[in-house]
>>> print(open('structure-v4.cif').read())   # mmCIF, C-alpha atoms
data_work
loop_
_atom_site.label_atom_id
_atom_site.label_comp_id
_atom_site.auth_asym_id
_atom_site.auth_seq_id
_atom_site.Cartn_x
_atom_site.Cartn_y
_atom_site.Cartn_z
CA MET A 1 38.94 -122.15 157.79
CA ASP A 2 40.36 -119.29 159.80
CA GLU A 3 41.45 -119.94 163.36
CA LYS A 4 40.87 -117.24 165.93
CA ARG A 5 43.90 -115.16 166.84
CA TYR A 6 43.84 -114.08 170.44
CA GLN A 7 45.34 -110.98 171.94
CA VAL A 8 47.18 -111.86 175.15
CA PHE A 9 48.16 -109.12 177.59
CA VAL A 10 51.43 -110.01 179.35
CA SER A 11 52.09 -108.38 182.70
CA SER A 12 54.99 -108.55 185.16
CA THR A 13 57.66 -106.48 186.77
CA TYR A 14 60.13 -105.72 184.03
CA THR A 15 63.89 -105.67 184.58
CA ASP A 16 63.96 -108.83 186.69
CA LEU A 17 61.79 -110.86 184.29
CA THR A 18 62.99 -109.89 180.81
CA GLU A 19 63.90 -113.50 179.89
CA GLU A 20 60.67 -114.94 181.31
CA ARG A 21 58.55 -112.30 179.55
CA ALA A 22 60.40 -113.02 176.31
CA ALA A 23 59.72 -116.76 176.73
CA VAL A 24 56.01 -116.19 177.32
CA ILE A 25 55.80 -113.74 174.40
CA GLN A 26 57.61 -116.22 172.13
CA SER A 27 55.12 -118.94 173.13
CA ILE A 28 52.23 -116.62 172.32
CA LEU A 29 53.75 -115.79 168.94
CA ARG A 30 54.43 -119.49 168.19
CA MET A 31 50.73 -120.12 168.78
CA ASP A 32 50.06 -117.37 166.19
CA HIS A 33 48.47 -115.06 168.74
CA LEU A 34 49.15 -111.42 169.49
CA PRO A 35 51.04 -110.42 172.64
CA ALA A 36 50.39 -107.04 174.22
CA GLY A 37 51.94 -105.51 177.30
CA MET A 38 53.88 -102.78 178.99
CA GLU A 39 56.58 -102.67 176.30
CA MET A 40 54.16 -100.76 174.11
CA PHE A 41 53.62 -97.99 176.66
CA PRO A 42 56.10 -95.10 176.83
CA SER A 43 55.92 -94.88 180.63
CA ALA A 44 54.01 -96.43 183.51
CA ASP A 45 52.20 -93.50 185.05
CA GLU A 46 48.62 -92.64 185.84
CA GLY A 47 48.33 -90.79 182.50
CA GLN A 48 48.86 -94.12 180.71
CA TRP A 49 46.29 -96.03 182.75
CA ASP A 50 43.39 -95.31 180.37
CA LEU A 51 45.39 -96.77 177.49
CA ILE A 52 46.37 -99.82 179.57
CA GLU A 53 42.68 -100.41 180.44
CA GLN A 54 41.73 -100.20 176.75
CA VAL A 55 44.40 -102.73 175.77
CA ILE A 56 43.37 -105.12 178.56
CA ASP A 57 39.70 -104.70 177.57
CA LYS A 58 40.58 -105.70 173.99
CA SER A 59 42.61 -108.70 175.15
CA ASP A 60 41.24 -112.24 175.14
CA TYR A 61 43.63 -113.39 177.88
CA TYR A 62 45.69 -111.80 180.61
CA VAL A 63 48.97 -113.51 181.57
CA VAL A 64 50.86 -112.44 184.67
CA VAL A 65 54.40 -113.53 185.55
CA VAL A 66 55.34 -113.22 189.23
CA ALA A 67 58.77 -113.84 190.74
CA GLY A 68 60.78 -111.91 193.32
CA ARG A 69 59.70 -108.31 192.90
CA TYR A 70 56.40 -106.67 193.70
CA GLY A 71 56.94 -103.66 191.44
CA SER A 72 56.49 -99.91 191.52
CA ILE A 73 53.79 -98.89 193.97
CA ILE A 74 51.13 -96.41 192.93
CA ASP A 75 51.20 -93.93 195.81
CA ALA A 76 47.49 -93.12 195.81
CA GLU A 77 46.46 -96.79 195.78
CA GLY A 78 49.22 -98.57 197.67
CA ILE A 79 49.48 -101.36 195.06
CA SER A 80 51.82 -102.00 192.13
CA TYR A 81 50.98 -101.41 188.49
CA THR A 82 51.22 -105.17 187.94
CA GLU A 83 48.66 -105.85 190.67
CA LYS A 84 46.43 -103.03 189.39
CA GLU A 85 46.51 -104.58 185.90
CA TYR A 86 45.76 -108.00 187.39
CA ASP A 87 42.82 -106.69 189.44
CA TYR A 88 41.47 -104.87 186.41
CA ALA A 89 41.65 -107.99 184.21
CA VAL A 90 39.86 -110.07 186.87
CA LYS A 91 37.16 -107.41 187.30
CA ALA A 92 36.74 -107.24 183.50
CA ASP A 93 36.30 -111.05 183.37
CA ILE A 94 39.34 -111.53 181.15
CA PRO A 95 40.59 -115.13 181.56
CA VAL A 96 43.71 -114.94 183.73
CA LEU A 97 46.68 -117.29 183.47
CA GLY A 98 49.48 -116.94 186.00
CA PHE A 99 53.10 -118.04 185.93
CA VAL A 100 54.53 -117.97 189.46
CA HIS A 101 58.16 -118.64 190.36
CA ASN A 102 58.28 -121.87 192.37
CA GLY A 103 61.28 -120.92 194.50
CA PRO A 104 61.22 -117.25 195.46
CA GLY A 105 63.91 -117.89 198.08
CA ASN A 106 66.26 -119.06 195.31
CA ILE A 107 66.02 -115.90 193.19
CA VAL A 108 69.24 -113.87 193.07
CA ALA A 109 69.18 -110.85 195.37
CA LYS A 110 69.35 -108.30 192.53
CA ASN A 111 66.00 -109.64 191.28
CA THR A 112 64.16 -109.52 194.60
CA ASP A 113 62.63 -106.88 196.80
CA MET A 114 64.71 -106.40 199.91
CA SER A 115 62.31 -104.37 202.04
CA SER A 116 59.97 -106.28 204.32
CA ASP A 117 57.02 -104.12 203.20
CA ALA A 118 57.58 -104.99 199.53
CA GLN A 119 58.10 -108.67 200.39
CA GLU A 120 54.81 -108.71 202.32
CA LEU A 121 52.93 -107.08 199.41
CA LEU A 122 54.56 -109.55 197.00
CA GLU A 123 53.53 -112.56 199.09
CA LYS A 124 49.92 -111.33 199.26
CA PHE A 125 49.94 -110.76 195.52
CA ARG A 126 51.40 -114.24 194.87
CA GLU A 127 48.56 -115.75 196.92
CA LYS A 128 46.00 -113.70 194.99
CA VAL A 129 47.46 -114.88 191.67
CA LYS A 130 47.46 -118.50 192.87
CA SER A 131 43.69 -118.26 193.42
CA LYS A 132 43.31 -118.42 189.60
CA PRO A 133 44.80 -120.89 187.08
CA VAL A 134 48.55 -120.89 187.59
CA SER A 135 51.65 -122.74 186.48
CA PHE A 136 54.93 -122.70 188.36
CA PHE A 137 58.35 -122.05 186.82
CA GLY A 138 61.94 -121.83 187.97
CA SER A 139 63.57 -120.42 184.83
CA SER A 140 62.71 -118.71 181.55
CA ALA A 141 62.53 -122.17 179.96
CA GLY A 142 59.94 -123.12 182.57
CA ALA A 143 57.86 -120.08 181.67
CA ARG A 144 57.65 -121.38 178.11
CA ARG A 145 54.91 -123.84 177.12
CA SER A 146 56.26 -124.81 173.71
CA ARG A 147 54.22 -128.02 173.42
CA CYS A 148 51.05 -125.91 173.24
CA ASP A 149 49.99 -124.88 169.78
CA LYS A 150 46.70 -123.15 170.46
CA LEU A 151 45.03 -120.97 173.02
CA ASP A 152 41.26 -121.21 173.10
CA ALA A 153 39.12 -120.27 176.08
CA SER A 154 36.43 -122.69 174.94
CA ASP A 155 38.90 -125.59 174.57
CA GLU A 156 39.60 -127.21 177.94
CA GLU A 157 42.51 -129.26 176.58
CA ALA A 158 44.23 -126.19 175.12
CA THR A 159 43.85 -124.38 178.41
CA ARG A 160 45.28 -127.34 180.31
CA CYS A 161 48.21 -127.50 177.90
CA TRP A 162 48.97 -123.81 178.32
CA LEU A 163 48.88 -124.12 182.09
CA GLY A 164 51.12 -127.17 182.13
CA SER A 165 51.02 -130.22 184.30
CA ARG A 166 51.83 -128.43 187.57
CA ARG A 167 48.76 -126.19 187.53
CA GLN A 168 46.85 -125.17 190.60
CA GLY A 169 43.42 -123.63 190.90
CA TYR A 170 42.09 -125.10 187.67
CA ASP A 171 38.67 -126.64 187.99
CA ALA A 172 38.84 -129.60 185.65
#
>>> encode(input="structure-v4.cif", output="structure tokens")
Amino acid sequence: MDEKRYQVFVSSTYTDLTEERAAVIQSILRMDHLPAGMEMFPSADEGQWDLIEQVIDKSDYYVVVVAGRYGSIIDAEGISYTEKEYDYAVKADIPVLGFVHNGPGNIVAKNTDMSSDAQELLEKFREKVKSKPVSFFGSSAGARRSRCDKLDASDEEATRCWLGSRRQGYDA
């Protein structure tokens, strides 16, 4: 009997969350699923957006990791690429799982946005992400859900396991 292998799109800002992204990607691989994300794109510009949409459309899940940076803002839209990906996944009805840092005030300065405009956009985005299933983390180890061995949208227990015990916004 073959088990379904899911493609999971992983989204976040990049340089500040390399360890957390790696932890999430390792969890996805341990569950024998296929991670996809920005690492596979040569650059984040509007010319790549069509490809990003196609990859999200082919994904079974969308995972977003949010910490202390909002990300690069798309001038024409006034939102970050991460938020644009998130909005697209929600609009496309891709199941969204969020990992949100539980102590943004404790993140080292080099990994946070310093401008008040970026901080305001980040806080609004954090609230948007928290309106969907979310788990909180404080380190790359916290972003990992190693006790979960499967990811199945039709399996409530697997979804609960992936989200962890500190989930919010999950209608059980």
>>> closest_residue(input="structure-v4.cif", among="A:Thr18, A:Asp60, A:Ile74, A:Ser12", to="Gly37 (chain A)", atoms="all atoms listed in the file")
A:Ser12
>>> residues_around(input="structure-v4.cif", residues="Ala118 (chain A)", least_positions_apart="2", cutoff="12 Å", atoms="only C-alpha atoms", output="number ranges by chain")
A: 68-73, 78-80, 112-116, 120-125
>>> atom_distance(input="structure-v4.cif", atom1="CA of Gly98 (chain A)", atom2="CA of Asp50 (chain A)")
23.2 Å
>>> residues_around(input="structure-v4.cif", residues="Gly138 (chain A)", least_positions_apart="6", cutoff="7 Å", atoms="only C-alpha atoms", output="list of chain:residue names")
A:His101, A:Asn102, A:Gly103
>>> write_last_selection(input="structure-v4.cif", atoms="C-alpha atoms", output="PDB file, keeping the file's coordinate frame")
ATOM      1  CA  HIS A 101      58.160-118.640 190.360  1.00  0.00           C
ATOM      2  CA  ASN A 102      58.280-121.870 192.370  1.00  0.00           C
ATOM      3  CA  GLY A 103      61.280-120.920 194.500  1.00  0.00           C
TER       4      GLY A 103
END
>>> atom_distance(input="structure-v4.cif", atom1="CA of Val63 (chain A)", atom2="CA of Ser11 (chain A)")
6.1 Å
>>> resolve_selection(input="structure-v4.cif", expression="the PyMOL selection byres ((chain A and resi 53) around 12)", output="NGL selection string")
:A and (9 or 36-38 or 41 or 46-52 or 54-59 or 62 or 81 or 84-92 or 94)
>>> closest_residue(input="structure-v4.cif", among="A:Gln7, A:Thr13, A:Ser131, A:Gln119", to="Glu39 (chain A)", atoms="all atoms listed in the file")
A:Thr13
>>> atom_distance(input="structure-v4.cif", atom1="CA of Val100 (chain A)", atom2="CA of Val65 (chain A)")
5.9 Å
>>> closest_residue(input="structure-v4.cif", among="A:Asp32, A:Phe136, A:Val96, A:Val64", to="Leu17 (chain A)", atoms="all atoms listed in the file")
A:Val64
>>> closest_residue(input="structure-v4.cif", among="A:Leu29, A:Val24, A:Val8, A:Leu34", to="Phe137 (chain A)", atoms="all atoms listed in the file")
A:Val24
